[in-house]
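Worksheet for the structure shown next.
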Amino acid sequence: VTVVVDNRAGAGGAIAADYVKAQPADGLTVLLGTTHMMVMAPLTMKSIRYDGIRDFRPVLRMSSFHEGIAIPTSSPAKNLKEWLDLARRNPQHASYGVPAPGSLPQFIGYRMGELTRTPLLAVPYKGTAPLTQDLLGGQIAAGILPIADLAQYQNQRVRILAVNGTQRASRLPDVPTLKELGYPEFDRLEWTGLFVPRTTSDATLQQLSAAAARVAVLPQVRDALEKLGTAPDPSPGDSLTRAIEEDRTLWGPIIKASGFSAE
């Protein structure tokens with residue numbers, strides 16, 4: 001079977017999700033969905049016209065990835081506590097870059113500021129690449145973003161202070177988790193998974209799920225995912241439904257309390 005990758009960029013993945021939602025439920029059009037697309041965008045953007053659970057059926061969870069809190073090596077802070085202390089004393093050190101407005105890293109920083117009574121200020125970027133460059137160049141005091149863009153520079157041009165998740169990232173074994181540092185509510189990772197329109201039949205869904213599960217464990221597929229900075233994490237589709245529900249429950253009240261709106 002010939003597979004065509006149709007990149008429909010824009011609106012944090014909402015354009016792609018809207019497109020797949022409206023396609024025939026024949027199993028021939030599959031959405032590569034993310035935490036941002038299925039959880040954060042519906043919670044932060046009034047214009048979203050889909051629901052991650054109501055309008056789609058999950059096929060397979062593919063991978064998970066860590067977010068890291070990083071500072072330039074030129075910063076006088078050496079760990080998370082020292083950065084937060086510095087940010088309280090000096091507003092110049094309280095700004096943290098995030099890959100996009102309304103992204104999960106923005107609310108990790110917001111919640112961290114609440115918990116530690118630190119006046120942190122999110123600075124949204126248009127993607128991880130410009131944020132990474134500003135961190136490497138010391139143009140911003142800190143950043144919260146996927147570690148895929150940072151791990152290769154650890155202790156050379158940036159210092160990654162902590163990651164989310166219940167376990168340390170395999171690429172950064174010396175970096176503690178936020179949970180280890182006393183912040184257990186940051187134990188959930190972002191994820192990627194495959195989805196099809198809601199009216200897709202059980203038989204078609206089972207066929208896709210079985211095929212995706214076979215492919216997800218192939219060494220070349222796992223290697224490709226790891227090179228992208230994500231951890232292969234194949235698991236049944238219903239785990240995505242639970243993830244969406246749990247992520248909504250966790251981040252919904254935090255987003256509401258922040259007063260954030262993308263429009």
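Following the order of the structure tokens, chains are lettered A, B, ..., residues in each are numbered from 1, and ligands are numbered from 1.
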
Using only C-alpha atoms, I'd like a table of the residues in range 110-193 of chain A that come within 9 Å of range 219-240 of chain A; for each, show the closest atom pair and its distance in Å rounded to one decimal, ordered by chain and ascending number, as CSV.
residue,atom,partner,partner_atom,distance
A:Pro146,CA,A:Gly229,CA,8.1
A:Ile147,CA,A:Gly229,CA,7.0
A:Ala148,CA,A:Gly229,CA,4.2
A:Asp149,CA,A:Gly229,CA,7.7
A:Ala151,CA,A:Gly229,CA,8.7
A:Ala169,CA,A:Ala231,CA,8.8
A:Ser170,CA,A:Ala231,CA,8.7
A:Arg171,CA,A:Gly229,CA,8.6
A:Trp191,CA,A:Asp233,CA,8.6
A:Thr192,CA,A:Leu240,CA,9.0
A:Gly193,CA,A:Leu240,CA,7.3

Exercise. Near Ser75 in chain A, within 12 Å and counting only C-alpha atoms, which residues show up once chain neighbours fewer than 6 positions away are dropped, as a list of chain:residue names?
Worked result: A:Glu82, A:Trp83, A:Leu84, A:Leu86, A:Ala87, A:Gln92, A:His93, A:Ala94, A:Leu135, A:Leu136, A:Gly137, A:Gly138, A:Gln139, A:Ile140, A:Ala141, A:Ala142, A:Asn155, A:Arg157, A:Val158, A:Arg159, A:Ile160, A:Leu161

Serialized selection, C-alpha atoms, as a PDB file, in the first residue's frame:
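As a result, again-v1.pdb now contains:
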ATOM      1  CA  GLU A  82      18.846  28.294  42.390  1.00  0.00           C
ATOM      2  CA  TRP A  83      17.101  29.399  39.179  1.00  0.00           C
ATOM      3  CA  LEU A  84      13.798  29.955  41.001  1.00  0.00           C
ATOM      4  CA  LEU A  86      17.321  33.980  41.143  1.00  0.00           C
ATOM      5  CA  ALA A  87      14.042  34.623  39.327  1.00  0.00           C
ATOM      6  CA  GLN A  92      15.501  39.482  34.196  1.00  0.00           C
ATOM      7  CA  HIS A  93      15.884  35.816  35.121  1.00  0.00           C
ATOM      8  CA  ALA A  94      12.134  35.142  35.428  1.00  0.00           C
ATOM      9  CA  LEU A 135      18.802  29.611  24.738  1.00  0.00           C
ATOM     10  CA  LEU A 136      22.111  28.584  23.198  1.00  0.00           C
ATOM     11  CA  GLY A 137      22.995  32.226  22.662  1.00  0.00           C
ATOM     12  CA  GLY A 138      21.931  33.333  26.130  1.00  0.00           C
ATOM     13  CA  GLN A 139      19.268  35.704  24.773  1.00  0.00           C
ATOM     14  CA  ILE A 140      16.619  34.370  27.145  1.00  0.00           C
ATOM     15  CA  ALA A 141      16.933  33.431  30.808  1.00  0.00           C
ATOM     16  CA  ALA A 142      15.294  29.998  30.555  1.00  0.00           C
ATOM     17  CA  ASN A 155      26.438  21.102  30.007  1.00  0.00           C
ATOM     18  CA  ARG A 157      25.816  25.596  26.051  1.00  0.00           C
ATOM     19  CA  VAL A 158      22.707  24.887  28.105  1.00  0.00           C
ATOM     20  CA  ARG A 159      22.045  23.369  31.502  1.00  0.00           C
ATOM     21  CA  ILE A 160      18.909  21.213  31.715  1.00  0.00           C
ATOM     22  CA  LEU A 161      17.713  21.519  35.301  1.00  0.00           C
TER      23      LEU A 161
END

Exercise. Would you give me, as a PyMOL selection string, the residues in range 114-258 of chain A that DSSP reads as alpha helix (DSSP H)?
Worked result: chain A and resi 114-116+128-136+202-216+219-227+238-258

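Between Gln207 in chain A and the residues A:Lys78, A:Asp26, A:Glu185, A:Lys179, the shortest atom-to-atom distance, using only C-alpha atoms, involves A:Asp26.
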
Using only C-alpha atoms, find each residue of range 180-222 of chain A with at least one atom at most 12 Å away from an atom of range 107-113 of chain A; report its shortest atom-to-atom pair and that distance in Å (one decimal), sort the rows by chain and rising residue number, and return the result as CSV.
residue,atom,partner,partner_atom,distance
A:Leu181,CA,A:Met112,CA,11.8
A:Gly182,CA,A:Met112,CA,11.2
A:Tyr183,CA,A:Met112,CA,8.5
A:Pro184,CA,A:Met112,CA,11.3
A:Glu185,CA,A:Arg111,CA,9.5
A:Phe186,CA,A:Ile108,CA,7.5
A:Asp187,CA,A:Ile108,CA,10.9
A:Arg188,CA,A:Ile108,CA,10.8
A:Leu189,CA,A:Ile108,CA,11.4
A:Glu190,CA,A:Ile108,CA,11.9

For this session: Find, counting only C-alpha atoms, the residue in A:Gln23, A:Thr34, A:Thr44, A:Thr29 that gets nearest to Ile255 in chain A.
Result: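 Among the listed residues, the smallest separation from Ile255 in chain A belongs to A:Thr44.
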
Exercise. Where in range 79-240 of chain A does DSSP assign strand (DSSP E), given as an NGL selection string?
Worked result: :A and (95-98 or 121-124 or 142-146 or 158-163 or 190-197 or 231-236)

Writing out the chosen residues with C-alpha atoms as a PDB file, in the first residue's frame:
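Once written, part_6.pdb looks like this:
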ATOM      1  CA  SER A  95      11.320  34.924  31.707  1.00  0.00           C
ATOM      2  CA  TYR A  96      11.071  31.466  30.164  1.00  0.00           C
ATOM      3  CA  GLY A  97      10.588  30.716  26.480  1.00  0.00           C
ATOM      4  CA  VAL A  98       8.012  28.195  25.252  1.00  0.00           C
ATOM      5  CA  LEU A 121       6.790  35.097  32.721  1.00  0.00           C
ATOM      6  CA  ALA A 122       6.160  32.970  29.602  1.00  0.00           C
ATOM      7  CA  VAL A 123       7.627  34.175  26.307  1.00  0.00           C
ATOM      8  CA  PRO A 124       5.981  32.292  23.399  1.00  0.00           C
ATOM      9  CA  ALA A 142      15.294  29.998  30.555  1.00  0.00           C
ATOM     10  CA  GLY A 143      13.201  27.763  28.355  1.00  0.00           C
ATOM     11  CA  ILE A 144      10.772  24.881  28.736  1.00  0.00           C
ATOM     12  CA  LEU A 145      10.657  22.670  25.656  1.00  0.00           C
ATOM     13  CA  PRO A 146      11.077  19.076  24.410  1.00  0.00           C
ATOM     14  CA  VAL A 158      22.707  24.887  28.105  1.00  0.00           C
ATOM     15  CA  ARG A 159      22.045  23.369  31.502  1.00  0.00           C
ATOM     16  CA  ILE A 160      18.909  21.213  31.715  1.00  0.00           C
ATOM     17  CA  LEU A 161      17.713  21.519  35.301  1.00  0.00           C
ATOM     18  CA  ALA A 162      14.845  19.014  35.353  1.00  0.00           C
ATOM     19  CA  VAL A 163      12.458  17.020  33.174  1.00  0.00           C
ATOM     20  CA  GLU A 190       3.435  14.392  26.137  1.00  0.00           C
ATOM     21  CA  TRP A 191       2.573  11.722  23.584  1.00  0.00           C
ATOM     22  CA  THR A 192       1.935  11.005  19.919  1.00  0.00           C
ATOM     23  CA  GLY A 193      -0.635   8.567  18.589  1.00  0.00           C
ATOM     24  CA  LEU A 194      -2.725   7.521  15.603  1.00  0.00           C
ATOM     25  CA  PHE A 195      -6.425   8.370  15.262  1.00  0.00           C
ATOM     26  CA  VAL A 196      -9.225   7.792  12.738  1.00  0.00           C
ATOM     27  CA  PRO A 197     -12.677   9.412  12.344  1.00  0.00           C
ATOM     28  CA  ALA A 231      10.689   7.351  23.403  1.00  0.00           C
ATOM     29  CA  PRO A 232       8.917   4.488  21.614  1.00  0.00           C
ATOM     30  CA  ASP A 233       5.853   3.768  23.723  1.00  0.00           C
ATOM     31  CA  PRO A 234       3.463   1.566  21.720  1.00  0.00           C
ATOM     32  CA  SER A 235       0.316   0.786  23.639  1.00  0.00           C
ATOM     33  CA  PRO A 236      -3.345   0.065  22.790  1.00  0.00           C
TER      34      PRO A 236
END

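For the atom pair formed by CA of Tyr50 in chain A and CA of Val20 in chain A, the distance is 10.3 Å, given to one decimal.
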
Seminar exercise, completed: Of A:Leu80, A:Ile244, A:Leu60, A:Ile15, the one nearest to Leu178 in chain A when counting only C-alpha atoms is A:Leu80
